[in-house]
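Engineer: Data file upload.cif (mmCIF, C-alpha atoms) is appended below.
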```
data_target
loop_
_atom_site.label_atom_id
_atom_site.label_comp_id
_atom_site.auth_asym_id
_atom_site.auth_seq_id
_atom_site.Cartn_x
_atom_site.Cartn_y
_atom_site.Cartn_z
CA MET X 1 66.69 266.03 -57.57
CA ILE X 2 65.93 268.97 -55.26
CA VAL X 3 64.48 267.57 -52.04
CA THR X 4 62.27 270.10 -50.23
CA ASP X 5 61.27 268.02 -47.21
CA ILE X 6 63.06 265.17 -45.41
CA ILE X 7 60.86 263.12 -43.10
CA PHE X 8 62.32 260.74 -40.50
CA LEU X 9 60.52 257.98 -38.62
CA THR X 10 60.92 254.41 -37.47
CA THR X 11 58.73 251.62 -38.82
CA SER X 12 59.00 248.85 -36.27
CA SER X 13 55.23 248.50 -36.51
CA ILE X 14 52.45 250.19 -38.40
CA GLY X 15 50.73 252.92 -36.39
CA GLY X 16 49.39 256.44 -36.36
CA ALA X 17 52.75 258.11 -37.05
CA GLN X 18 53.40 255.88 -40.07
CA VAL X 19 49.94 256.52 -41.51
CA PHE X 20 50.43 260.24 -40.87
CA VAL X 21 53.77 260.30 -42.72
CA ASP X 22 52.27 258.40 -45.65
CA GLY X 23 49.46 260.94 -45.95
CA LEU X 24 51.69 263.98 -45.45
CA SER X 25 54.22 262.87 -48.05
CA LYS X 26 51.52 262.27 -50.66
CA TYR X 27 50.03 265.67 -49.93
CA LEU X 28 53.44 267.29 -50.38
CA VAL X 29 53.76 265.62 -53.78
CA ASP X 30 50.34 266.96 -54.77
CA GLU X 31 51.59 270.43 -53.80
CA ASN X 32 54.61 270.02 -56.13
CA ARG X 33 57.01 269.41 -53.25
CA THR X 34 59.65 266.68 -53.25
CA PRO X 35 59.58 264.69 -50.00
CA LEU X 36 62.16 262.10 -48.99
CA ILE X 37 61.19 259.54 -46.33
CA CYS X 38 63.97 258.08 -44.17
CA PHE X 39 63.08 255.13 -41.99
CA GLY X 40 64.61 252.25 -40.08
CA LYS X 41 64.03 248.57 -39.42
CA ARG X 42 62.63 247.14 -42.64
CA THR X 43 59.30 245.37 -42.16
CA ASP X 44 56.39 244.29 -44.32
CA HIS X 45 54.93 247.74 -43.71
CA VAL X 46 57.68 249.41 -45.73
CA SER X 47 55.38 249.00 -48.73
CA LEU X 48 53.23 251.71 -47.17
CA PHE X 49 55.87 254.27 -48.10
CA ASN X 50 56.61 252.77 -51.50
CA SER X 51 53.02 252.99 -52.68
CA SER X 52 53.84 256.02 -54.78
CA SER X 53 56.68 255.98 -57.29
CA SER X 54 56.99 259.76 -56.88
CA ILE X 55 58.09 259.46 -53.24
CA ASP X 56 61.71 258.49 -52.63
CA THR X 57 62.75 256.55 -49.54
CA ILE X 58 66.00 255.79 -47.73
CA LEU X 59 66.43 252.87 -45.37
CA ILE X 60 68.66 253.45 -42.33
CA PRO X 61 69.33 249.83 -41.21
CA SER X 62 70.71 250.81 -37.80
CA LEU X 63 67.64 252.85 -36.83
CA SER X 64 65.21 251.22 -34.41
CA ASN X 65 63.39 252.03 -31.19
CA LYS X 66 65.52 249.64 -29.14
CA ALA X 67 68.37 251.02 -27.05
CA ASN X 68 71.78 250.28 -28.57
CA ILE X 69 74.54 252.86 -28.23
CA LEU X 70 76.62 251.60 -31.13
CA LEU X 71 73.68 251.45 -33.51
CA ASP X 72 72.50 254.86 -32.32
CA PHE X 73 75.86 256.42 -33.18
CA GLU X 74 75.72 254.69 -36.55
CA SER X 75 72.24 256.13 -37.10
CA ILE X 76 73.41 259.64 -36.24
CA PHE X 77 76.22 259.38 -38.79
CA SER X 78 73.70 258.22 -41.40
CA ILE X 79 71.34 261.08 -40.57
CA LEU X 80 74.18 263.61 -40.72
CA SER X 81 75.16 262.29 -44.14
CA ILE X 82 71.60 262.68 -45.44
CA LEU X 83 71.20 266.18 -44.04
CA ARG X 84 74.48 267.34 -45.56
CA LYS X 85 73.35 266.04 -48.93
CA TYR X 86 70.18 268.17 -48.81
CA PRO X 87 71.20 271.40 -47.02
CA SER X 88 68.09 273.43 -47.88
CA ALA X 89 65.38 270.86 -47.18
CA ASN X 90 62.98 271.03 -44.27
CA VAL X 91 63.80 268.38 -41.66
CA ILE X 92 60.71 266.77 -40.16
CA THR X 93 60.80 264.18 -37.40
CA ASN X 94 58.09 262.31 -35.53
CA SER X 95 57.73 260.82 -32.07
CA GLY X 96 59.92 257.95 -30.95
CA LYS X 97 63.64 257.54 -30.52
CA VAL X 98 64.27 258.78 -34.05
CA SER X 99 63.26 262.27 -32.88
CA TYR X 100 66.13 262.24 -30.38
CA LEU X 101 68.68 261.26 -33.00
CA VAL X 102 67.43 263.76 -35.58
CA ARG X 103 67.45 266.64 -33.10
CA ILE X 104 70.96 265.77 -31.96
CA SER X 105 72.06 265.67 -35.60
CA CYS X 106 70.47 269.06 -36.29
CA LEU X 107 72.19 270.48 -33.22
CA LEU X 108 75.56 269.31 -34.56
CA LEU X 109 74.84 270.88 -37.95
CA ARG X 110 73.11 273.97 -36.56
CA ARG X 111 70.12 273.05 -38.67
CA ARG X 112 66.46 273.95 -38.19
CA CYS X 113 64.02 271.04 -37.77
CA PHE X 114 60.35 270.37 -37.09
CA PHE X 115 59.28 267.89 -34.42
CA ILE X 116 55.69 266.61 -34.75
CA VAL X 117 54.71 265.24 -31.35
CA HIS X 118 52.30 262.30 -31.67
CA GLY X 119 52.35 261.72 -27.92
CA TRP X 120 55.22 261.58 -25.44
CA SER X 121 57.18 258.38 -24.81
CA TYR X 122 57.12 259.00 -21.06
CA VAL X 123 53.32 259.19 -20.73
CA GLY X 124 52.20 256.58 -18.21
CA PHE X 125 55.49 256.59 -16.28
CA LEU X 126 53.56 256.57 -12.98
CA MET X 127 52.38 253.07 -13.96
CA TYR X 128 55.70 252.13 -15.55
CA PRO X 129 58.52 253.87 -13.62
CA LYS X 130 61.17 252.87 -16.17
CA ARG X 131 59.63 255.44 -18.52
CA PHE X 132 60.94 258.16 -16.23
CA ILE X 133 64.21 257.98 -18.15
CA TYR X 134 62.34 259.21 -21.23
CA LEU X 135 61.04 262.16 -19.24
CA LEU X 136 64.56 262.97 -18.06
CA PHE X 137 66.07 262.70 -21.53
CA GLU X 138 63.29 264.74 -23.15
CA SER X 139 63.68 267.44 -20.50
CA ILE X 140 67.38 267.75 -21.32
CA LEU X 141 66.63 267.96 -25.03
CA GLU X 142 63.95 270.60 -24.43
CA LEU X 143 66.58 272.80 -22.78
CA ILE X 144 68.87 272.35 -25.78
CA ASP X 145 66.66 272.30 -28.86
CA TRP X 146 64.22 275.16 -28.25
CA SER X 147 66.23 277.56 -30.42
CA PHE X 148 66.30 275.41 -33.57
CA CYS X 149 63.52 272.81 -33.20
CA PHE X 150 59.97 273.95 -33.94
CA LYS X 151 57.41 271.74 -32.20
CA ILE X 152 53.95 270.91 -33.47
CA PHE X 153 51.55 269.00 -31.22
CA VAL X 154 48.67 266.87 -32.47
CA SER X 155 46.66 267.65 -29.32
CA ASN X 156 46.47 270.31 -26.64
CA TYR X 157 47.09 267.54 -24.12
CA ASP X 158 50.51 266.79 -25.62
CA ARG X 159 51.29 270.51 -25.59
CA LYS X 160 50.48 270.79 -21.89
CA ALA X 161 52.26 267.54 -21.06
CA ARG X 162 55.63 268.61 -22.49
CA PRO X 163 58.46 268.49 -19.92
CA LEU X 164 59.07 272.27 -19.90
CA SER X 165 55.65 273.80 -20.43
CA PHE X 166 56.91 277.39 -20.15
CA LEU X 167 58.46 276.95 -23.61
CA ASN X 168 54.95 277.07 -25.07
CA ALA X 169 55.16 280.86 -24.74
CA LEU X 170 58.01 281.05 -27.27
CA PRO X 171 57.31 281.57 -31.00
CA LYS X 172 56.58 278.32 -32.87
CA GLN X 173 57.09 276.24 -29.74
CA GLY X 174 53.53 275.52 -28.72
CA TYR X 175 51.64 275.15 -31.99
CA VAL X 176 48.77 272.62 -32.13
CA ILE X 177 47.46 271.01 -35.32
CA HIS X 178 44.93 268.28 -34.66
CA ASN X 179 45.30 265.13 -36.68
CA GLY X 180 43.46 264.57 -39.91
CA ILE X 181 43.02 261.52 -42.12
CA THR X 182 42.44 260.81 -45.78
CA ASP X 183 38.80 259.97 -46.36
CA PRO X 184 38.59 256.14 -46.29
CA LEU X 185 35.47 256.25 -48.43
CA ASN X 186 37.63 257.35 -51.35
CA LYS X 187 39.55 254.07 -51.11
CA LEU X 188 36.27 252.15 -51.09
CA ASN X 189 34.92 254.10 -54.08
CA ASN X 190 32.02 255.36 -51.98
CA THR X 191 30.82 258.93 -51.87
CA LYS X 192 28.97 258.91 -48.55
CA PRO X 193 28.33 256.66 -45.53
CA ASN X 194 25.44 254.23 -45.57
CA LEU X 195 22.72 255.64 -43.30
CA ALA X 196 19.82 253.75 -44.87
CA ARG X 197 18.97 251.85 -41.69
CA PHE X 198 17.78 255.03 -40.00
CA PHE X 199 15.12 255.50 -42.65
CA THR X 200 13.92 251.89 -42.69
CA GLN X 201 13.87 251.04 -38.96
CA ASN X 202 11.86 252.52 -36.13
CA LYS X 203 13.84 250.95 -33.29
CA VAL X 204 17.17 249.41 -32.40
CA THR X 205 17.08 245.80 -31.23
CA ALA X 206 20.83 245.08 -31.18
CA LEU X 207 24.07 247.01 -31.41
CA LYS X 208 27.37 246.15 -33.05
CA LEU X 209 30.27 247.68 -31.16
CA LEU X 210 33.77 248.07 -32.66
CA THR X 211 37.14 248.91 -31.21
CA VAL X 212 40.39 249.17 -33.19
CA SER X 213 43.56 249.25 -31.12
CA ARG X 214 46.76 247.55 -30.13
CA LEU X 215 46.04 245.08 -27.33
CA SER X 216 48.56 246.48 -24.87
CA ASP X 217 48.48 248.00 -21.40
CA GLN X 218 47.70 251.41 -22.88
CA LYS X 219 44.22 250.21 -23.83
CA ASP X 220 41.69 249.14 -21.22
CA ILE X 221 40.04 246.44 -23.31
CA GLU X 222 39.35 244.48 -20.12
CA SER X 223 36.89 247.10 -18.87
CA LEU X 224 35.24 247.26 -22.29
CA ILE X 225 34.70 243.49 -22.35
CA LYS X 226 33.35 243.51 -18.78
CA SER X 227 30.85 246.23 -19.72
CA LEU X 228 28.97 243.69 -21.83
CA LEU X 229 27.95 241.92 -18.62
CA PHE X 230 25.67 244.87 -17.85
CA VAL X 231 24.01 245.38 -21.22
CA GLU X 232 22.26 242.83 -23.43
CA ASN X 233 22.03 242.56 -27.21
CA VAL X 234 25.42 244.16 -27.76
CA ASN X 235 28.22 242.38 -29.62
CA LEU X 236 31.81 243.58 -29.66
CA THR X 237 34.35 243.23 -32.48
CA ILE X 238 38.01 243.81 -31.61
CA VAL X 239 40.42 244.63 -34.43
CA GLY X 240 44.07 244.61 -33.43
CA ASP X 241 46.72 242.43 -31.87
CA GLY X 242 49.26 242.74 -29.11
CA PRO X 243 50.78 241.19 -25.99
CA ASN X 244 47.50 241.15 -24.04
CA ARG X 245 45.44 239.28 -26.61
CA ASN X 246 45.70 235.84 -24.99
CA SER X 247 44.73 237.09 -21.53
CA LEU X 248 41.81 239.06 -22.98
CA GLU X 249 40.55 236.00 -24.85
CA GLU X 250 40.80 233.96 -21.64
CA LEU X 251 38.84 236.66 -19.77
CA THR X 252 36.15 236.56 -22.42
CA PHE X 253 35.70 232.80 -21.97
CA GLU X 254 35.74 233.09 -18.16
CA LEU X 255 32.94 235.67 -18.30
CA GLY X 256 30.91 233.57 -20.73
CA LEU X 257 31.05 236.30 -23.37
CA ASN X 258 32.88 234.38 -26.10
CA ASN X 259 29.71 234.30 -28.23
CA ARG X 260 29.45 238.11 -28.04
CA VAL X 261 33.10 239.15 -28.43
CA GLU X 262 35.06 238.52 -31.62
CA PHE X 263 38.84 238.94 -31.89
CA LEU X 264 39.85 239.54 -35.51
CA GLY X 265 43.54 240.34 -34.93
CA SER X 266 45.39 242.74 -37.19
CA LEU X 267 43.65 243.48 -40.49
CA ASN X 268 44.68 245.34 -43.60
CA SER X 269 43.14 248.76 -44.12
CA SER X 270 40.43 247.55 -46.50
CA ASP X 271 39.18 244.86 -44.10
CA THR X 272 39.38 247.29 -41.18
CA PHE X 273 37.29 249.83 -43.11
CA THR X 274 34.71 247.10 -43.72
CA GLN X 275 34.39 246.67 -39.96
CA TYR X 276 33.79 250.39 -39.57
CA GLN X 277 31.06 250.17 -42.18
CA ILE X 278 29.12 247.36 -40.53
CA CYS X 279 29.35 248.50 -36.89
CA ASP X 280 26.91 250.81 -35.14
CA LEU X 281 29.27 252.38 -32.62
CA PHE X 282 32.99 252.86 -32.15
CA THR X 283 34.60 252.88 -28.74
CA LEU X 284 38.14 253.43 -27.51
CA VAL X 285 38.72 252.61 -23.86
CA SER X 286 42.22 253.66 -22.80
CA ASN X 287 44.41 254.28 -19.78
CA TRP X 288 46.23 257.07 -21.61
CA GLU X 289 45.87 258.52 -25.08
CA GLY X 290 47.07 261.24 -27.42
CA PHE X 291 44.75 262.19 -30.27
CA PRO X 292 43.87 258.81 -31.82
CA LEU X 293 43.42 258.43 -35.57
CA THR X 294 40.99 255.53 -35.11
CA THR X 295 38.47 257.99 -33.68
CA LEU X 296 38.71 260.07 -36.84
CA GLU X 297 38.31 256.96 -38.99
CA ALA X 298 35.09 256.15 -37.13
CA LEU X 299 33.80 259.70 -37.66
CA SER X 300 34.54 259.47 -41.38
CA PHE X 301 32.27 256.41 -41.54
CA SER X 302 29.55 258.35 -39.71
CA LYS X 303 29.81 256.37 -36.48
CA PRO X 304 29.17 257.74 -32.98
CA VAL X 305 32.23 257.45 -30.74
CA ILE X 306 32.50 256.53 -27.06
CA LEU X 307 35.92 257.52 -25.70
CA SER X 308 37.78 257.42 -22.42
CA ASP X 309 38.30 260.85 -20.91
CA VAL X 310 42.09 260.51 -20.88
CA GLY X 311 44.84 262.53 -22.54
CA GLY X 312 43.74 264.28 -25.71
CA ALA X 313 41.06 261.78 -26.70
CA GLY X 314 38.20 264.05 -25.69
CA GLU X 315 39.51 267.00 -27.70
CA VAL X 316 37.67 265.66 -30.72
CA PHE X 317 34.50 266.99 -29.08
CA HIS X 318 36.01 270.41 -28.30
CA VAL X 319 36.67 271.44 -31.89
CA GLU X 320 32.97 271.31 -32.77
CA PRO X 321 30.96 271.76 -29.55
CA SER X 322 27.80 272.61 -31.49
CA LEU X 323 27.57 269.04 -32.84
CA SER X 324 26.81 266.04 -30.65
CA PHE X 325 28.35 262.86 -32.03
CA GLY X 326 29.54 260.81 -29.07
CA GLN X 327 30.16 260.48 -25.37
CA LEU X 328 33.06 260.52 -22.92
CA ILE X 329 33.68 257.72 -20.45
CA PRO X 330 34.43 259.25 -17.02
CA LYS X 331 37.88 258.68 -15.61
CA GLY X 332 38.29 255.18 -14.21
CA ASN X 333 36.62 253.36 -17.13
CA SER X 334 33.92 251.77 -14.95
CA PRO X 335 32.38 248.85 -16.91
CA ILE X 336 28.96 249.77 -15.51
CA LEU X 337 29.23 253.35 -16.74
CA ILE X 338 30.52 252.17 -20.12
CA SER X 339 27.50 249.89 -20.46
CA LYS X 340 25.14 252.78 -19.68
CA LEU X 341 26.72 254.94 -22.39
CA ILE X 342 26.40 252.09 -24.90
CA ALA X 343 22.77 251.43 -23.94
CA LYS X 344 21.78 255.01 -24.78
CA TYR X 345 22.12 254.14 -28.46
CA PHE X 346 19.18 251.77 -28.36
CA ASP X 347 17.31 255.04 -28.90
CA ILE X 348 17.29 255.17 -32.70
CA ASN X 349 16.83 258.94 -32.74
CA LEU X 350 20.02 259.47 -30.74
CA LEU X 351 21.88 256.91 -32.83
CA ALA X 352 20.75 258.58 -36.05
CA GLU X 353 21.59 262.11 -34.84
CA HIS X 354 25.07 261.19 -33.63
CA SER X 355 25.79 259.13 -36.74
CA MET X 356 24.98 261.98 -39.11
CA ASN X 357 26.78 264.57 -36.98
CA SER X 358 29.97 262.51 -36.79
CA ARG X 359 30.49 262.69 -40.53
CA LYS X 360 29.78 266.44 -40.48
CA ALA X 361 32.44 266.95 -37.81
CA TYR X 362 34.95 264.93 -39.82
CA GLU X 363 34.33 266.86 -43.03
CA LYS X 364 34.57 270.21 -41.26
CA HIS X 365 37.69 269.63 -39.17
CA PHE X 366 39.52 266.35 -39.70
CA MET X 367 39.98 265.77 -43.42
CA SER X 368 43.66 265.24 -44.17
CA THR X 369 43.88 268.01 -46.78
CA LYS X 370 42.88 270.62 -44.19
CA CYS X 371 45.34 269.21 -41.66
CA PHE X 372 48.28 269.01 -44.07
CA GLU X 373 47.56 272.48 -45.44
CA ARG X 374 48.11 273.82 -41.92
CA TYR X 375 51.41 271.92 -41.68
CA LEU X 376 52.66 273.32 -44.96
CA LYS X 377 51.82 276.87 -43.87
CA PHE X 378 53.65 276.28 -40.60
CA PHE X 379 56.77 274.94 -42.36
CA ASP X 380 56.88 277.92 -44.72
CA SER X 381 56.19 280.53 -42.05
CA ALA X 382 58.91 279.17 -39.75
CA ILE X 383 61.52 279.91 -42.40
CA LYS X 384 60.96 283.64 -41.81
CA ILE X 385 61.88 283.42 -38.12
#
```
Just dump the structure as structure tokens.
Structural biologist:
Amino acid sequence: MIVTDIIFLTTSSIGGAQVFVDGLSKYLVDENRTPLICFGKRTDHVSLFNSSSSIDTILIPSLSNKANILLDFESIFSILSILRKYPSANVITNSGKVSYLVRISCLLLRRRCFFIVHGWSYVGFLMYPKRFIYLLFESILELIDWSFCFKIFVSNYDRKARPLSFLNALPKQGYVIHNGITDPLNKLNNTKPNLARFFTQNKVTALKLLTVSRLSDQKDIESLIKSLLFVENVNLTIVGDGPNRNSLEELTFELGLNNRVEFLGSLNSSDTFTQYQICDLFTLVSNWEGFPLTTLEALSFSKPVILSDVGGAGEVFHVEPSLSFGQLIPKGNSPILISKLIAKYFDINLLAEHSMNSRKAYEKHFMSTKCFERYLKFFDSAIKI
């Protein structure tokens, strides 16, 4: 077997990088490439990468995101062994500790690699000082790997936030390819979103609000819940789990909003897509953000999006400024301001316009095939440098 592309990532939990790798690998197969996915820490989500018999996988048992010097050295030896076995394959790594180990391995072998930055591990270190060590380590690697590691950023924000921003001026060091996703409607055997309500109703009496996120300190779900205090006839569905779930549920009861806020926990993709279908609006309230895939999922279902103006979240509006399909929450995530943005969609004309435009923006810019085509061109063009 001639492997053309080796993709490394960790799978401690399902997330944007894992979904991205699944989509990229399947696209490579469709383009008659032969990808090999190498991952660590076996979980129930491993089935995500085994969904196609034409995609080979290798488990690296020692590879995880937790700090362990002995296991890290073991992982490097495993990575070196894999790279030596496939000397001509493209080496592709994603964010997380695995990117450190892969780049170190490529340095030892004097091997070219591609680093797809899905956000930096040190983002938010002002709130969590212990993350400063990630900034320090990434800065050191930036000084070392610029000559053999080609970096691709999923947002302009990540490009600007790199430790040594002057490296963006070098060839193939500051390239941005915004995320794309496979059309979820294909999985549901639908050909287009359901917009029938806009032709059968003349007003909006209630709104169904959806957010899909990990319930961690990165997301400001607390402000989103509090916003319901300032707007009536709005119900919120929260899909996702995490360490803050219990405290958020307690807050909901304390505010008397338990009959308007529903916590569904983690759902499989099919059930999550159902929630996108039945909601009116999607919102993502965050303290920091890269370029979230959940926003693109909402657009694919023709839903207006309300997003915090943090990180690269707002870039989704920059790629198609001629279309209006959502709103930005000003910095600070004021619950009152969030409620005012939500309330605007009681105007059925605005809701209809933004709903139809969101799908147009997705089809024009964020379909996975267009995104992965750009990646493939980048991989092939870098070979000539």
Engineer: Which of these residues is nearest to Arg111 in chain X, using all atoms listed in the file: X:Leu59, X:Val21, X:Leu251, X:Ile383?
Structural biologist: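 Ranking X:Leu59, X:Val21, X:Leu251, X:Ile383 by distance to Arg111 in chain X, first place goes to X:Ile383.
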Engineer: With range 319-336 of chain X as the partner and 12 Å as the cut-off, tabulate the residues of range 170-194 of chain X that qualify, each row holding the nearest pair of atoms and their distance in Å to one decimal, using all atoms listed in the file, sorted by chain and rising number, as a Markdown table.
Structural biologist:
```
| residue | atom | partner | partner_atom | distance |
| --- | --- | --- | --- | --- |
| X:Ile177 | CA | X:Val319 | CA | 11.3 |
| X:His178 | CA | X:Val319 | CA | 9.3 |
| X:Asn179 | CA | X:Val319 | CA | 11.7 |
```
Engineer: Show me, as a ChimeraX atom specification, the residues that have an atom within 7 Å of Ser302 in chain X when counting only C-alpha atoms, minus same-chain residues fewer than 2 positions from it.
Structural biologist: /X:193,298-300,304,355-356,358-359
Engineer: Which of these, X:Asp5, X:Glu138, X:Glu262, X:Glu249, has the shortest distance to Cys38 in chain X once you count all atoms listed in the file?
Structural biologist: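 Going through X:Asp5, X:Glu138, X:Glu262, X:Glu249 one by one, the smallest distance to Cys38 in chain X is for X:Asp5.
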Engineer: Fewer than 2 positions away in the same chain doesn't count, so skip those; otherwise give me all residues within 12 Å of Ile306 in chain X, counting only C-alpha atoms, as number ranges by chain.
Structural biologist: X: 209-211, 224, 280-286, 294-295, 298-299, 303-304, 308-309, 313-314, 316-317, 324-330, 333, 337-345, 354, 358
Engineer: X:Ile152, X:Val19, X:Met367, X:Val234: which is nearest Ile92 in chain X, counting only C-alpha atoms?
Structural biologist: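 Of X:Ile152, X:Val19, X:Met367, X:Val234, the one nearest Ile92 in chain X, counting only C-alpha atoms, is X:Ile152.
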Engineer: Just to confirm, what's the straight-line distance from CA of Arg374 in chain X to CA of Phe291 in chain X in Å (one decimal)?
Structural biologist: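 According to the coordinates, CA of Arg374 in chain X and CA of Phe291 in chain X are separated by 16.8 Å.
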Engineer: Neighbouring residues of Arg159 in chain X were defined as those with any atom within 10 Å, considering only C-alpha atoms; residues of the same chain fewer than 3 positions away were excluded. Please report them as a list in words.
Structural biologist: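 What passes the distance filter is Val117, Gly119, Trp120, Lys151, Ile152, Phe153, Val154, Ser155, Asn156, Arg162, Pro163, Leu164, Ser165, Leu167, Asn168, Gln173, Gly174, Tyr175, Val176 and Gly312 of chain X.
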Engineer: Write the residues of the selection above to a file with C-alpha atoms, as a short mmCIF file (atom, residue, chain, number, x, y, z; two decimals), in the frame of the given file.
Structural biologist:
```
data_model
loop_
_atom_site.label_atom_id
_atom_site.label_comp_id
_atom_site.auth_asym_id
_atom_site.auth_seq_id
_atom_site.Cartn_x
_atom_site.Cartn_y
_atom_site.Cartn_z
CA VAL X 117 54.71 265.24 -31.35
CA GLY X 119 52.35 261.72 -27.92
CA TRP X 120 55.22 261.58 -25.44
CA LYS X 151 57.41 271.74 -32.20
CA ILE X 152 53.95 270.91 -33.47
CA PHE X 153 51.55 269.00 -31.22
CA VAL X 154 48.67 266.87 -32.47
CA SER X 155 46.66 267.65 -29.32
CA ASN X 156 46.47 270.31 -26.64
CA ARG X 162 55.63 268.61 -22.49
CA PRO X 163 58.46 268.49 -19.92
CA LEU X 164 59.07 272.27 -19.90
CA SER X 165 55.65 273.80 -20.43
CA LEU X 167 58.46 276.95 -23.61
CA ASN X 168 54.95 277.07 -25.07
CA GLN X 173 57.09 276.24 -29.74
CA GLY X 174 53.53 275.52 -28.72
CA TYR X 175 51.64 275.15 -31.99
CA VAL X 176 48.77 272.62 -32.13
CA GLY X 312 43.74 264.28 -25.71
#
```
Engineer: Report, in Å with one decimal, the straight-line distance from CA of Ile348 in chain X to CA of Lys208 in chain X.
Structural biologist: 13.5 Å
Engineer: In Å, with one decimal, what is the gap from CA of His365 in chain X to CA of Pro184 in chain X?
Structural biologist: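 Pair CA of His365 in chain X / CA of Pro184 in chain X returns 15.3 Å.
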